[in-house]
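Down below is the structure, laid out as structure tokens.
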Amino acid sequence: MLTLVAALFYSCSEKGEKVYSGKSFVLTDMNKKSITYPDITKGKITVVGYIFTNCPDICPLTTNNMRLLKEKFPRRDYPEIEFVSISFDPKVDTPEVLKKFAEVRDLDLNGWTFLTGEPAIISDLMHEAGIISIPGDSTVTPAGEKIIFYIHTDRISVIDRDGILVENFPGSSLDIDKAYREIIRIY
Amino acid sequence: MNLLFIILSMFLQHSGITIENPWIRNSSTGTNTAFFFTVNNTGKEADTLYAAYGDFAEVTEVHETYKKGEDMMGMREVPIVVIPPGSKVVFKPRDLHVMLIKLTSDVEKGMEKEVILKFRKAGEIKIKAPVKGMEAMMMKHK
Ligand SMILES: [Cu+2]
């Protein structure tokens, strides 16, 4: 069943096709600014990762891989690449939480936007992107707070200037050189 | 302080369990993080890790990251981890880890944090683990 659902989802994000079926989404960035995505990256190459901040292992790795990739493209030499991290856990990942997540990791946010938004909008975006996140294990803290750990698609995507999906990479185990070459090829 | 730990770990040697290369990934108050290390069992009997505790997190659990389907990743609690005699079990990114949930204080690079690992035979082993950022990964990746 899951495979079937997954297959349905995947069909929405084929290589060589317009990502997000050409839709736009009104989201909020880590500075609480309203952002229409992917419009903000129009005419630029986008490197987008999908994360949730309660994730202790995979998403920090994915985020770090984006940082390593970004370091290969100094802003002054490559101003036309935008990095975007979008949370699929918007109830937890408020702009403040995303900001802290980036700050703790000393990320260079010049050319890197963290996005969250209304759950319904995020859910639509993730559906279009083919990102699946299923609540998996959870832990209840002594204070009674339930923390959900998602089983999720581990992905970083490269999108070209026309919003066409170039490649989906495994986020937490990204081959940095391969992704680098792919971006250089289309830059 | 380090000397004390060397002496302490010498005393613990009889159980055959030693902890090597411990480190904690940096994170901030209210979030979660993971503790990584290698358990070396030089003894003649298997031992079992059944719990862990860090006083700077609301909950501490033993976890594993696992792959699901083509490109999905998840994480789940594992009740026990058996360390066979004469073997090493590595707790590492994208694999086994001790999960520190809802940190009650910032866990910053350069700090040292104490975590207790609870084994059935070796008992409680206290570890002082340095906090490292992602650069710790780089060295271990290769
Ligand atoms: Cu975990």
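Residues in the structure tokens are named by chain (A, B, ... in the order shown) and by number from 1 within that chain; ligands are numbered from 1 in the order shown.
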
(request) Please give me, as number ranges by chain, the residues lying within 9 Å of ligand 1 when counting only C-alpha atoms and all ligand atoms. (result) A: 55-57, 149; B: 32-34, 61-65, 74-77, 96-101

(message) What are the residues of chain A lining chain B at 10 Å or less? Count only C-alpha atoms, and put the answer as a VMD selection string.
(response) chain A and resid 2 to 3 6 53 to 61 63 to 65 97 100 to 101 103 to 106 131 to 143 145 147 149 to 155 169 to 173

(message) So the first atom is atom CA of Ile81 of chain A and the second is atom CA of Val47 of chain A; what is the distance between them in Å, to one decimal place?
(response)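 The value is 7.4 Å.
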
Taking only C-alpha atoms into account, produce a table as a Markdown table in which each residue of segment 63-151 of chain A with an atom at most 12 Å from an atom of segment 24-33 of chain A appears once, together with its shortest atom pair and the distance in Å to one decimal, ordered by chain and rising number.
| residue | atom | partner | partner_atom | distance |
| --- | --- | --- | --- | --- |
| A:Val84 | CA | A:Asp29 | CA | 9.8 |
| A:Ser85 | CA | A:Asp29 | CA | 9.7 |
| A:Ile86 | CA | A:Asp29 | CA | 9.2 |
| A:Ser87 | CA | A:Asp29 | CA | 10.4 |
| A:Phe88 | CA | A:Leu27 | CA | 11.9 |
| A:Pro90 | CA | A:Thr28 | CA | 10.1 |
| A:Asp93 | CA | A:Met30 | CA | 9.5 |
| A:Thr94 | CA | A:Met30 | CA | 7.8 |
| A:Pro95 | CA | A:Met30 | CA | 4.1 |
| A:Glu96 | CA | A:Met30 | CA | 6.3 |
| A:Val97 | CA | A:Met30 | CA | 7.9 |
| A:Leu98 | CA | A:Met30 | CA | 5.7 |
| A:Lys99 | CA | A:Met30 | CA | 5.1 |
| A:Lys100 | CA | A:Met30 | CA | 8.8 |
| A:Phe101 | CA | A:Met30 | CA | 9.7 |
| A:Ala102 | CA | A:Met30 | CA | 9.0 |
| A:Glu103 | CA | A:Met30 | CA | 10.6 |
| A:Leu109 | CA | A:Met30 | CA | 10.0 |
| A:Trp112 | CA | A:Asp29 | CA | 10.2 |
| A:Thr113 | CA | A:Asp29 | CA | 6.5 |
| A:Phe114 | CA | A:Asp29 | CA | 5.5 |
| A:Leu115 | CA | A:Asp29 | CA | 4.5 |
| A:Thr116 | CA | A:Thr28 | CA | 5.4 |
| A:Gly117 | CA | A:Leu27 | CA | 4.6 |
| A:Glu118 | CA | A:Leu27 | CA | 7.2 |
| A:Pro119 | CA | A:Leu27 | CA | 10.0 |
| A:Ala120 | CA | A:Phe25 | CA | 10.4 |
| A:Ile121 | CA | A:Phe25 | CA | 6.7 |
| A:Ile122 | CA | A:Leu27 | CA | 8.0 |
| A:Ser123 | CA | A:Phe25 | CA | 10.5 |
| A:Asp124 | CA | A:Phe25 | CA | 8.6 |
| A:Leu125 | CA | A:Phe25 | CA | 7.1 |
| A:Met126 | CA | A:Phe25 | CA | 10.7 |
| A:Glu128 | CA | A:Ser24 | CA | 10.5 |
| A:Ala129 | CA | A:Ser24 | CA | 11.9 |

(message) So that I can check the secondary structure, give me every residue of segment 98-165 of chain A assigned helix (DSSP H, G or I) by backbone DSSP, as a list in words.
(response) Leu98, Lys99, Lys100, Phe101, Ala102, Glu103, Val104, Pro119, Ala120, Ile121, Ile122, Ser123, Asp124, Leu125, Met126, His127, Glu128 and Ala129 of chain A

For the residues in that selection, give me N, CA and C atoms as an mmCIF file, in the first residue's frame.
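See result19.cif below for the written result:
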data_model
loop_
_atom_site.group_PDB
_atom_site.id
_atom_site.type_symbol
_atom_site.label_atom_id
_atom_site.label_comp_id
_atom_site.auth_asym_id
_atom_site.auth_seq_id
_atom_site.Cartn_x
_atom_site.Cartn_y
_atom_site.Cartn_z
ATOM 1 N N LEU A 98 13.336 27.697 13.350
ATOM 2 C CA LEU A 98 14.206 27.553 12.177
ATOM 3 C C LEU A 98 15.419 28.470 12.285
ATOM 4 N N LYS A 99 15.177 29.664 12.797
ATOM 5 C CA LYS A 99 16.270 30.626 12.935
ATOM 6 C C LYS A 99 17.334 30.085 13.900
ATOM 7 N N LYS A 100 16.850 29.555 15.005
ATOM 8 C CA LYS A 100 17.755 29.000 16.009
ATOM 9 C C LYS A 100 18.529 27.804 15.427
ATOM 10 N N PHE A 101 17.819 26.982 14.690
ATOM 11 C CA PHE A 101 18.417 25.802 14.049
ATOM 12 C C PHE A 101 19.590 26.225 13.162
ATOM 13 N N ALA A 102 19.385 27.316 12.423
ATOM 14 C CA ALA A 102 20.436 27.815 11.526
ATOM 15 C C ALA A 102 21.560 28.470 12.321
ATOM 16 N N GLU A 103 21.194 29.209 13.348
ATOM 17 C CA GLU A 103 22.196 29.923 14.153
ATOM 18 C C GLU A 103 23.142 28.973 14.873
ATOM 19 N N VAL A 104 22.557 27.941 15.469
ATOM 20 C CA VAL A 104 23.372 26.965 16.200
ATOM 21 C C VAL A 104 24.421 26.346 15.278
ATOM 22 N N PRO A 119 0.158 24.616 7.834
ATOM 23 C CA PRO A 119 0.232 23.171 7.593
ATOM 24 C C PRO A 119 -0.402 22.711 6.279
ATOM 25 N N ALA A 120 -1.539 23.288 5.927
ATOM 26 C CA ALA A 120 -2.219 22.847 4.701
ATOM 27 C C ALA A 120 -1.387 23.197 3.458
ATOM 28 N N ILE A 121 -0.775 24.353 3.498
ATOM 29 C CA ILE A 121 0.048 24.787 2.351
ATOM 30 C C ILE A 121 1.306 23.927 2.256
ATOM 31 N N ILE A 122 1.935 23.696 3.410
ATOM 32 C CA ILE A 122 3.138 22.854 3.447
ATOM 33 C C ILE A 122 2.807 21.454 2.937
ATOM 34 N N SER A 123 1.678 20.955 3.374
ATOM 35 C CA SER A 123 1.287 19.612 2.980
ATOM 36 C C SER A 123 1.091 19.533 1.459
ATOM 37 N N ASP A 124 0.509 20.558 0.888
ATOM 38 C CA ASP A 124 0.321 20.619 -0.557
ATOM 39 C C ASP A 124 1.683 20.658 -1.272
ATOM 40 N N LEU A 125 2.561 21.496 -0.752
ATOM 41 C CA LEU A 125 3.908 21.624 -1.336
ATOM 42 C C LEU A 125 4.652 20.290 -1.297
ATOM 43 N N MET A 126 4.611 19.635 -0.137
ATOM 44 C CA MET A 126 5.334 18.364 0.014
ATOM 45 C C MET A 126 4.745 17.309 -0.917
ATOM 46 N N HIS A 127 3.428 17.352 -1.059
ATOM 47 C CA HIS A 127 2.770 16.416 -1.975
ATOM 48 C C HIS A 127 3.292 16.638 -3.395
ATOM 49 N N GLU A 128 3.326 17.902 -3.794
ATOM 50 C CA GLU A 128 3.792 18.217 -5.153
ATOM 51 C C GLU A 128 5.271 17.854 -5.332
ATOM 52 N N ALA A 129 6.033 18.014 -4.255
ATOM 53 C CA ALA A 129 7.473 17.719 -4.340
ATOM 54 C C ALA A 129 7.741 16.219 -4.271
#

(request) Considering only C-alpha atoms, state which residue in the set A:Gly16, A:Asp108, A:Gly130, A:Gly22 is at the smallest distance from Lys42 of chain A. (result)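 Selected residue with least distance to Lys42 of chain A: A:Gly22.
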
(message) When you look at segment 54-56 of chain B with a cut-off of 8 Å (counting only C-alpha atoms), what residues show up, excluding the ones that are within fewer than 4 positions of it in the same chain? I need them as JSON, numbers by chain.
(response) {"B": [60, 100, 103, 104, 105, 114, 115, 116]}

Grab the residues selected above and save them as a PDB file, in the first residue's frame with N, CA and C atoms.
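What ended up in again_0.pdb:
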ATOM      1  N   THR B  60      16.184  10.486  27.599  1.00  0.00           N
ATOM      2  CA  THR B  60      17.335   9.891  26.902  1.00  0.00           C
ATOM      3  C   THR B  60      16.930   8.489  26.453  1.00  0.00           C
ATOM      4  N   LEU B 100      19.220  12.309  22.801  1.00  0.00           N
ATOM      5  CA  LEU B 100      18.975  13.206  23.927  1.00  0.00           C
ATOM      6  C   LEU B 100      17.854  14.135  23.499  1.00  0.00           C
ATOM      7  N   LEU B 103      16.564  19.089  25.013  1.00  0.00           N
ATOM      8  CA  LEU B 103      17.709  19.525  25.812  1.00  0.00           C
ATOM      9  C   LEU B 103      17.284  20.630  26.774  1.00  0.00           C
ATOM     10  N   THR B 104      17.764  20.527  27.996  1.00  0.00           N
ATOM     11  CA  THR B 104      17.405  21.539  28.994  1.00  0.00           C
ATOM     12  C   THR B 104      18.461  22.653  29.047  1.00  0.00           C
ATOM     13  N   SER B 105      19.535  22.469  28.310  1.00  0.00           N
ATOM     14  CA  SER B 105      20.521  23.544  28.188  1.00  0.00           C
ATOM     15  C   SER B 105      21.196  23.427  26.825  1.00  0.00           C
ATOM     16  N   GLU B 114      28.276  14.987  30.338  1.00  0.00           N
ATOM     17  CA  GLU B 114      28.326  13.653  30.916  1.00  0.00           C
ATOM     18  C   GLU B 114      27.075  12.855  30.542  1.00  0.00           C
ATOM     19  N   VAL B 115      27.306  11.677  30.038  1.00  0.00           N
ATOM     20  CA  VAL B 115      26.196  10.773  29.725  1.00  0.00           C
ATOM     21  C   VAL B 115      26.486   9.442  30.408  1.00  0.00           C
ATOM     22  N   ILE B 116      25.451   8.812  30.925  1.00  0.00           N
ATOM     23  CA  ILE B 116      25.613   7.506  31.567  1.00  0.00           C
ATOM     24  C   ILE B 116      25.034   6.430  30.652  1.00  0.00           C
TER      25      ILE B 116
END

(request) Select, from A:Ser34, A:Ile45, A:Asp162, A:Lys146, the residue with the minimum atom-to-atom distance to Arg185 of chain A, counting only C-alpha atoms. (result)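 Of the candidates, the smallest distance to Arg185 of chain A is held by A:Ile45.
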
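Taking atom CA of Arg161 of chain A and atom CA of Lys15 of chain A as endpoints, the distance between them is 14.1 Å.
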
(message) Between atom CA of Asp89 of chain A and atom CA of Gly49 of chain A, what distance in Å does the model show, to one decimal?
(response)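 Distance between the two atoms: 13.3 Å.
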
(message) According to DSSP computed on the backbone, where in segment 33-102 of chain B is there strand (DSSP E)? Give the residues as a VMD selection string.
(response) chain B and resid 33 to 41 47 to 53 57 to 68 72 to 77 81 to 83 87 to 91 96 to 102
